[in-house]
$ cat input_2.cif   # mmCIF, C-alpha atoms
data_input
#
loop_
_atom_site.label_atom_id
_atom_site.label_comp_id
_atom_site.auth_asym_id
_atom_site.auth_seq_id
_atom_site.Cartn_x
_atom_site.Cartn_y
_atom_site.Cartn_z
CA MET P 670 3.75 106.30 -22.30
CA LYS P 671 7.28 105.50 -21.15
CA ILE P 672 10.36 103.78 -22.55
CA ILE P 673 12.71 101.61 -20.49
CA LEU P 674 15.82 100.74 -22.49
CA ALA P 675 18.43 98.26 -21.33
CA GLN P 676 21.94 98.41 -22.69
CA GLY P 677 23.68 95.27 -23.85
CA ASN P 678 25.04 93.45 -26.88
CA PRO P 679 22.84 91.22 -29.05
CA GLY P 680 23.78 87.59 -29.62
CA ALA P 681 24.08 84.42 -27.57
CA GLN P 682 27.84 84.87 -27.12
CA TYR P 683 27.16 87.97 -24.96
CA ALA P 684 24.48 86.43 -22.73
CA GLY P 685 25.59 86.39 -19.10
CA THR P 686 28.32 89.00 -19.59
CA ARG P 687 28.81 92.02 -17.37
CA HIS P 688 28.01 94.40 -20.25
CA ASN P 689 24.63 92.66 -20.59
CA VAL P 690 23.48 93.06 -17.01
CA GLY P 691 20.92 95.58 -18.29
CA PHE P 692 19.48 92.92 -20.62
CA PHE P 693 19.39 90.45 -17.72
CA MET P 694 17.38 92.91 -15.61
CA ILE P 695 14.89 93.86 -18.31
CA ASP P 696 14.42 90.20 -19.28
CA LYS P 697 13.41 89.39 -15.68
CA PHE P 698 11.13 92.44 -15.48
CA THR P 699 9.48 91.56 -18.79
CA LYS P 700 8.95 87.95 -17.73
CA SER P 701 7.42 89.10 -14.42
CA HIS P 702 4.80 90.96 -16.47
CA GLY P 703 4.11 87.97 -18.74
CA ALA P 704 5.30 89.82 -21.83
CA ASP P 705 7.57 88.77 -24.69
CA PHE P 706 10.05 90.65 -26.83
CA ILE P 707 9.18 91.08 -30.50
CA PRO P 708 11.80 92.11 -33.10
CA ARG P 709 11.16 95.66 -34.34
CA PRO P 710 13.81 96.30 -37.04
CA LYS P 711 12.44 99.81 -37.69
CA PHE P 712 13.70 100.77 -34.23
CA HIS P 713 16.83 98.57 -34.22
CA ALA P 714 15.41 96.76 -31.20
CA SER P 715 13.37 93.98 -29.70
CA ILE P 716 10.46 95.47 -27.78
CA ALA P 717 7.97 94.17 -25.23
CA GLU P 718 4.87 96.16 -24.36
CA ILE P 719 3.21 96.16 -20.96
CA SER P 720 0.53 98.28 -19.37
CA VAL P 721 0.79 99.57 -15.82
CA ASN P 722 -2.20 101.45 -14.39
CA GLY P 723 -3.41 102.07 -17.94
CA GLU P 724 -0.09 103.50 -19.14
CA LYS P 725 1.77 101.84 -22.01
CA ILE P 726 5.38 100.97 -21.19
CA LEU P 727 7.88 99.88 -23.86
CA LEU P 728 10.66 97.57 -22.63
CA VAL P 729 13.50 97.82 -25.11
CA LYS P 730 16.58 95.76 -25.94
CA PRO P 731 18.50 97.44 -28.78
CA THR P 732 19.79 95.17 -31.53
CA THR P 733 22.60 97.61 -32.22
CA PHE P 734 25.72 96.92 -30.25
CA TYR P 735 26.11 98.52 -26.82
CA ASN P 736 28.03 101.53 -28.11
CA GLU P 737 25.29 102.47 -30.61
CA THR P 738 22.18 102.36 -28.40
CA GLY P 739 21.51 106.07 -28.90
CA GLN P 740 20.17 105.28 -32.39
CA THR P 741 17.42 103.12 -30.91
CA ALA P 742 16.54 105.69 -28.24
CA ARG P 743 16.32 108.54 -30.75
CA ALA P 744 14.16 106.54 -33.18
CA LEU P 745 11.69 105.58 -30.44
CA LEU P 746 11.51 109.01 -28.82
CA ASP P 747 10.94 110.68 -32.19
CA PHE P 748 8.33 108.17 -33.36
CA TYR P 749 6.29 108.34 -30.14
CA LYS P 750 7.02 112.06 -29.57
CA LEU P 751 8.27 111.48 -26.03
CA ASN P 752 10.48 113.59 -23.80
CA PRO P 753 13.79 111.95 -22.80
CA THR P 754 13.82 113.86 -19.50
CA THR P 755 10.49 112.51 -18.25
CA ASP P 756 9.62 109.46 -20.38
CA PHE P 757 12.90 107.57 -20.78
CA LEU P 758 14.95 105.33 -18.47
CA VAL P 759 18.15 103.42 -19.28
CA ILE P 760 19.50 100.43 -17.33
CA HIS P 761 23.24 99.77 -17.71
CA ASP P 762 26.38 98.37 -16.14
CA ASP P 763 28.88 100.65 -14.40
CA LEU P 764 32.57 99.73 -14.15
CA ALA P 765 33.24 102.26 -11.39
CA LEU P 766 30.66 100.80 -9.00
CA ARG P 767 31.37 97.68 -6.95
CA PHE P 768 29.33 94.63 -7.86
CA GLY P 769 26.05 94.78 -5.95
CA THR P 770 25.88 98.58 -5.91
CA ILE P 771 23.01 100.30 -7.67
CA ARG P 772 22.99 104.03 -8.34
CA THR P 773 20.12 105.96 -9.86
CA ARG P 774 20.55 109.31 -11.56
CA GLU P 775 18.33 111.78 -13.40
CA SER P 776 21.06 113.02 -15.75
CA GLY P 777 24.81 113.20 -16.18
CA SER P 778 27.91 112.74 -18.27
CA ASP P 779 28.94 109.43 -19.84
CA ALA P 780 31.82 108.90 -17.35
CA GLY P 781 33.64 106.87 -20.01
CA ASN P 782 30.69 104.56 -20.78
CA ASN P 783 30.44 104.41 -24.58
CA GLY P 784 26.79 103.33 -24.50
CA ILE P 785 25.87 106.38 -22.41
CA LYS P 786 28.07 108.49 -24.71
CA SER P 787 25.89 107.32 -27.62
CA LEU P 788 22.68 108.07 -25.71
CA ASN P 789 23.93 111.52 -24.66
CA ALA P 790 24.90 112.31 -28.27
CA HIS P 791 21.48 111.29 -29.61
CA ILE P 792 19.08 112.41 -26.86
CA GLY P 793 21.09 114.64 -24.50
CA GLU P 794 22.34 114.10 -20.95
CA HIS P 795 18.99 114.61 -19.24
CA HIS P 796 17.55 111.12 -18.98
CA LYS P 797 17.07 108.83 -16.01
CA ARG P 798 19.49 105.94 -15.36
CA ILE P 799 19.83 102.85 -13.26
CA LYS P 800 23.53 102.03 -13.00
CA ILE P 801 24.40 98.52 -11.88
CA GLY P 802 27.87 98.03 -10.43
CA VAL P 803 29.94 95.25 -11.99
CA TYR P 804 33.38 96.12 -10.57
CA THR P 805 35.30 93.32 -8.87
CA ASP P 806 39.01 92.93 -8.17
CA LEU P 807 39.32 91.04 -11.47
CA ARG P 808 38.89 94.36 -13.30
CA ASP P 809 42.31 95.45 -12.03
CA LYS P 810 43.94 92.38 -13.59
CA ILE P 811 42.57 92.43 -17.15
CA PRO P 812 41.73 95.09 -19.78
CA ASP P 813 38.34 96.79 -19.39
CA ASN P 814 37.02 95.40 -22.70
CA ASP P 815 37.83 91.82 -21.67
CA PHE P 816 36.27 92.45 -18.26
CA VAL P 817 32.94 93.80 -19.53
CA ILE P 818 32.47 91.05 -22.11
CA GLY P 819 33.49 88.43 -19.56
CA LYS P 820 30.86 86.25 -17.93
CA PHE P 821 29.66 86.66 -14.36
CA SER P 822 31.07 84.17 -11.85
CA LEU P 823 28.69 81.67 -10.26
CA ASN P 824 28.63 83.71 -7.03
CA GLU P 825 27.84 86.87 -8.99
CA LYS P 826 25.07 85.13 -10.95
CA ASN P 827 23.52 83.97 -7.69
CA ALA P 828 23.70 87.49 -6.23
CA LEU P 829 22.03 89.07 -9.27
CA SER P 830 18.58 87.97 -8.07
CA GLY P 831 18.96 90.20 -5.00
CA VAL P 832 20.19 93.04 -7.18
CA TYR P 833 17.18 92.55 -9.47
CA GLU P 834 14.71 92.98 -6.62
CA HIS P 835 16.00 96.51 -6.05
CA VAL P 836 16.30 97.29 -9.76
CA SER P 837 12.67 96.21 -10.17
CA ASP P 838 11.66 98.64 -7.40
CA PHE P 839 13.54 101.46 -9.16
CA ILE P 840 11.87 100.60 -12.49
CA ASN P 841 8.48 100.74 -10.78
CA SER P 842 9.34 104.11 -9.20
CA PHE P 843 10.12 105.43 -12.69
CA ILE P 844 6.79 104.13 -14.01
CA GLU P 845 5.00 105.73 -11.03
CA ASP P 846 6.82 109.08 -11.48
CA SER P 847 8.55 108.82 -8.10
CA PHE P 848 12.09 108.08 -9.38
CA LYS P 849 14.80 109.74 -7.26
CA PRO P 850 18.61 109.75 -7.31
CA THR P 851 19.99 107.27 -4.78
CA LYS P 852 22.71 104.71 -4.14
CA ILE P 853 22.40 101.36 -2.42
CA SER P 854 24.67 98.37 -1.95
CA VAL P 855 22.94 95.02 -2.16
CA LYS P 856 25.81 92.59 -1.75
CA GLU P 857 29.50 92.46 -2.33
CA VAL P 858 31.03 89.36 -3.86
#
$ encode --input "input_2.cif" --output "structure tokens"
Amino acid sequence: MKIILAQGNPGAQYAGTRHNVGFFMIDKFTKSHGADFIPRPKFHASIAEISVNGEKILLVKPTTFYNETGQTARALLDFYKLNPTTDFLVIHDDLALRFGTIRTRESGSDAGNNGIKSLNAHIGEHHKRIKIGVYTDLRDKIPDNDFVIGKFSLNEKNALSGVYEHVSDFINSFIEDSFKPTKISVKEV
């Protein structure tokens, strides 16, 4: 069994924002598997279940806010008695990476990301990550908080489909136990 958790903020007002790019990716992945999210208040999340080669995979969208996602991760890992190092993957935005850049890691510090800070506090630093770059020149003109809760431009929205294709491949590599640290650039906007 494996858990794939996407970071984001719940609520319609946050749909399409840079901070919710993880939700965007997991929504597309879930839809591609014909699954639906079901509210699971016990875990502070909406969860979809799929099976890949006979293995159960939980696709998770926390209902906590972005900066509290560690609560959801800890509850799920404890309940299912899973190891965060081998059985857990998080998908999140990264302000330091240019839009269209994807970086995968097997562990690491929070690098100023409060959602990762929450995960690291609750489950430790040793968990796999797919970081999706959201940086554009606009970031240099407005405060970080306004930038991350701002909506993607039309050009960025259009480019996200290409980004998703690679993210989907990385998710599948995690499921197949062949996940490796890497960095690719899909498209700059």
$ closest_atom_pairs --input "input_2.cif" --of "region 741-773 of chain P" --to "region 823-839 of chain P" --cutoff "12 Å" --atoms "all atoms listed in the file" --output "tab-separated table"
residue	atom	partner	partner_atom	distance
P:Leu758	CA	P:Phe839	CA	10.2
P:Val759	CA	P:Phe839	CA	11.3
P:Ile760	CA	P:Val836	CA	8.8
P:His761	CA	P:Val836	CA	10.8
P:Asp762	CA	P:Val836	CA	12.0
P:Arg767	CA	P:Glu825	CA	11.6
P:Phe768	CA	P:Glu825	CA	8.0
P:Gly769	CA	P:Val832	CA	6.2
P:Thr770	CA	P:Val832	CA	8.0
P:Ile771	CA	P:Val836	CA	7.6
P:Arg772	CA	P:Val836	CA	9.6
P:Thr773	CA	P:Phe839	CA	8.0
$ atom_distance --input "input_2.cif" --atom1 "CA of His795 (chain P)" --atom2 "CA of Thr738 (chain P)"
15.6 Å
$ residues_around --input "input_2.cif" --residues "Phe692 (chain P)" --least-positions-apart "6" --cutoff "9 Å" --atoms "all atoms listed in the file" --output "list in words"
Leu674, Ala675, Gln676, Gly677, Asn678, Ala684, Val729, Lys730, Ile760 and His761 of chain P
$ residues_near_point --input "input_2.cif" --point "(29.9, 107.2, -24.0)" --cutoff "12 Å" --atoms "only C-alpha atoms" --output "ChimeraX atom specification"
/P:676,735-739,761,763,777-791,793-794
$ write_last_selection --input "input_2.cif" --atoms "C-alpha atoms" --output "mmCIF file, in the frame of the given file"
data_model
loop_
_atom_site.group_PDB
_atom_site.id
_atom_site.type_symbol
_atom_site.label_atom_id
_atom_site.label_comp_id
_atom_site.auth_asym_id
_atom_site.auth_seq_id
_atom_site.Cartn_x
_atom_site.Cartn_y
_atom_site.Cartn_z
ATOM 1 C CA GLN P 676 21.940 98.410 -22.690
ATOM 2 C CA TYR P 735 26.110 98.520 -26.820
ATOM 3 C CA ASN P 736 28.030 101.530 -28.110
ATOM 4 C CA GLU P 737 25.290 102.470 -30.610
ATOM 5 C CA THR P 738 22.180 102.360 -28.400
ATOM 6 C CA GLY P 739 21.510 106.070 -28.900
ATOM 7 C CA HIS P 761 23.240 99.770 -17.710
ATOM 8 C CA ASP P 763 28.880 100.650 -14.400
ATOM 9 C CA GLY P 777 24.810 113.200 -16.180
ATOM 10 C CA SER P 778 27.910 112.740 -18.270
ATOM 11 C CA ASP P 779 28.940 109.430 -19.840
ATOM 12 C CA ALA P 780 31.820 108.900 -17.350
ATOM 13 C CA GLY P 781 33.640 106.870 -20.010
ATOM 14 C CA ASN P 782 30.690 104.560 -20.780
ATOM 15 C CA ASN P 783 30.440 104.410 -24.580
ATOM 16 C CA GLY P 784 26.790 103.330 -24.500
ATOM 17 C CA ILE P 785 25.870 106.380 -22.410
ATOM 18 C CA LYS P 786 28.070 108.490 -24.710
ATOM 19 C CA SER P 787 25.890 107.320 -27.620
ATOM 20 C CA LEU P 788 22.680 108.070 -25.710
ATOM 21 C CA ASN P 789 23.930 111.520 -24.660
ATOM 22 C CA ALA P 790 24.900 112.310 -28.270
ATOM 23 C CA HIS P 791 21.480 111.290 -29.610
ATOM 24 C CA GLY P 793 21.090 114.640 -24.500
ATOM 25 C CA GLU P 794 22.340 114.100 -20.950
#
$ atom_distance --input "input_2.cif" --atom1 "CA of Thr732 (chain P)" --atom2 "CA of Phe706 (chain P)"
11.7 Å
$ residues_around --input "input_2.cif" --residues "Leu807 (chain P)" --least-positions-apart "3" --cutoff "12 Å" --atoms "all atoms listed in the file" --output "list in words"
Leu764, Arg767, Phe768, Val803, Tyr804, Lys810, Ile811, Pro812, Asp813, Asp815, Phe816, Val817, Gly819, Lys820, Phe821, Ser822 and Val858 of chain P
$ closest_residue --input "input_2.cif" --among "P:Ala681, P:Ile801, P:Ile792, P:Ile673" --to "Ile716 (chain P)" --atoms "all atoms listed in the file"
P:Ile673
$ resolve_selection --input "input_2.cif" --expression "the PyMOL selection byres ((chain P and resi 846) around 12)" --output "short mmCIF file (atom, residue, chain, number, x, y, z; two decimals) with C-alpha atoms, in the coordinates of the input"
data_model
loop_
_atom_site.label_atom_id
_atom_site.label_comp_id
_atom_site.auth_asym_id
_atom_site.auth_seq_id
_atom_site.Cartn_x
_atom_site.Cartn_y
_atom_site.Cartn_z
CA MET P 670 3.75 106.30 -22.30
CA LYS P 671 7.28 105.50 -21.15
CA GLU P 724 -0.09 103.50 -19.14
CA THR P 754 13.82 113.86 -19.50
CA THR P 755 10.49 112.51 -18.25
CA ASP P 756 9.62 109.46 -20.38
CA PHE P 757 12.90 107.57 -20.78
CA LEU P 758 14.95 105.33 -18.47
CA GLU P 775 18.33 111.78 -13.40
CA LYS P 797 17.07 108.83 -16.01
CA PHE P 839 13.54 101.46 -9.16
CA ILE P 840 11.87 100.60 -12.49
CA ASN P 841 8.48 100.74 -10.78
CA SER P 842 9.34 104.11 -9.20
CA PHE P 843 10.12 105.43 -12.69
CA ILE P 844 6.79 104.13 -14.01
CA GLU P 845 5.00 105.73 -11.03
CA SER P 847 8.55 108.82 -8.10
CA PHE P 848 12.09 108.08 -9.38
CA LYS P 849 14.80 109.74 -7.26
#
$ closest_residue --input "input_2.cif" --among "P:Ile672, P:Lys852, P:Ser776, P:Tyr683" --to "Phe734 (chain P)" --atoms "only C-alpha atoms"
P:Tyr683
$ resolve_selection --input "input_2.cif" --expression "the PyMOL selection byres ((chain P and resi 744) around 12)" --output "PyMOL selection string"
chain P and resi 672+709-714+729+731+738-743+745-751+753+788+791-792
$ atom_distance --input "input_2.cif" --atom1 "CA of Ser854 (chain P)" --atom2 "CA of Gly802 (chain P)"
9.1 Å
$ closest_residue --input "input_2.cif" --among "P:Ile707, P:Arg798, P:Val855, P:Thr733" --to "Pro679 (chain P)" --atoms "only C-alpha atoms"
P:Thr733
$ closest_residue --input "input_2.cif" --among "P:Ile719, P:Ala704, P:Ile726, P:Met694" --to "Lys800 (chain P)" --atoms "all atoms listed in the file"
P:Met694
$ axis_aligned_box --input "input_2.cif" --around "region 716-725 of chain P" --padding-each-side "8 Å" --output "lines of an AutoDock Vina configuration file"
center_x = 3.5
center_y = 98.8
center_z = -21.1
size_x = 29.9
size_y = 25.3
size_z = 29.4
$ residues_near_point --input "input_2.cif" --point "(6.6, 90.4, -17.4)" --cutoff "12 Å" --atoms "all atoms listed in the file" --output "list in words"
Met694, Ile695, Asp696, Lys697, Phe698, Thr699, Lys700, Ser701, His702, Gly703, Ala704, Asp705, Phe706, Ala717, Glu718, Ile719, Ser720, Val721, Ile726, Leu727, Leu728 and Ser837 of chain P
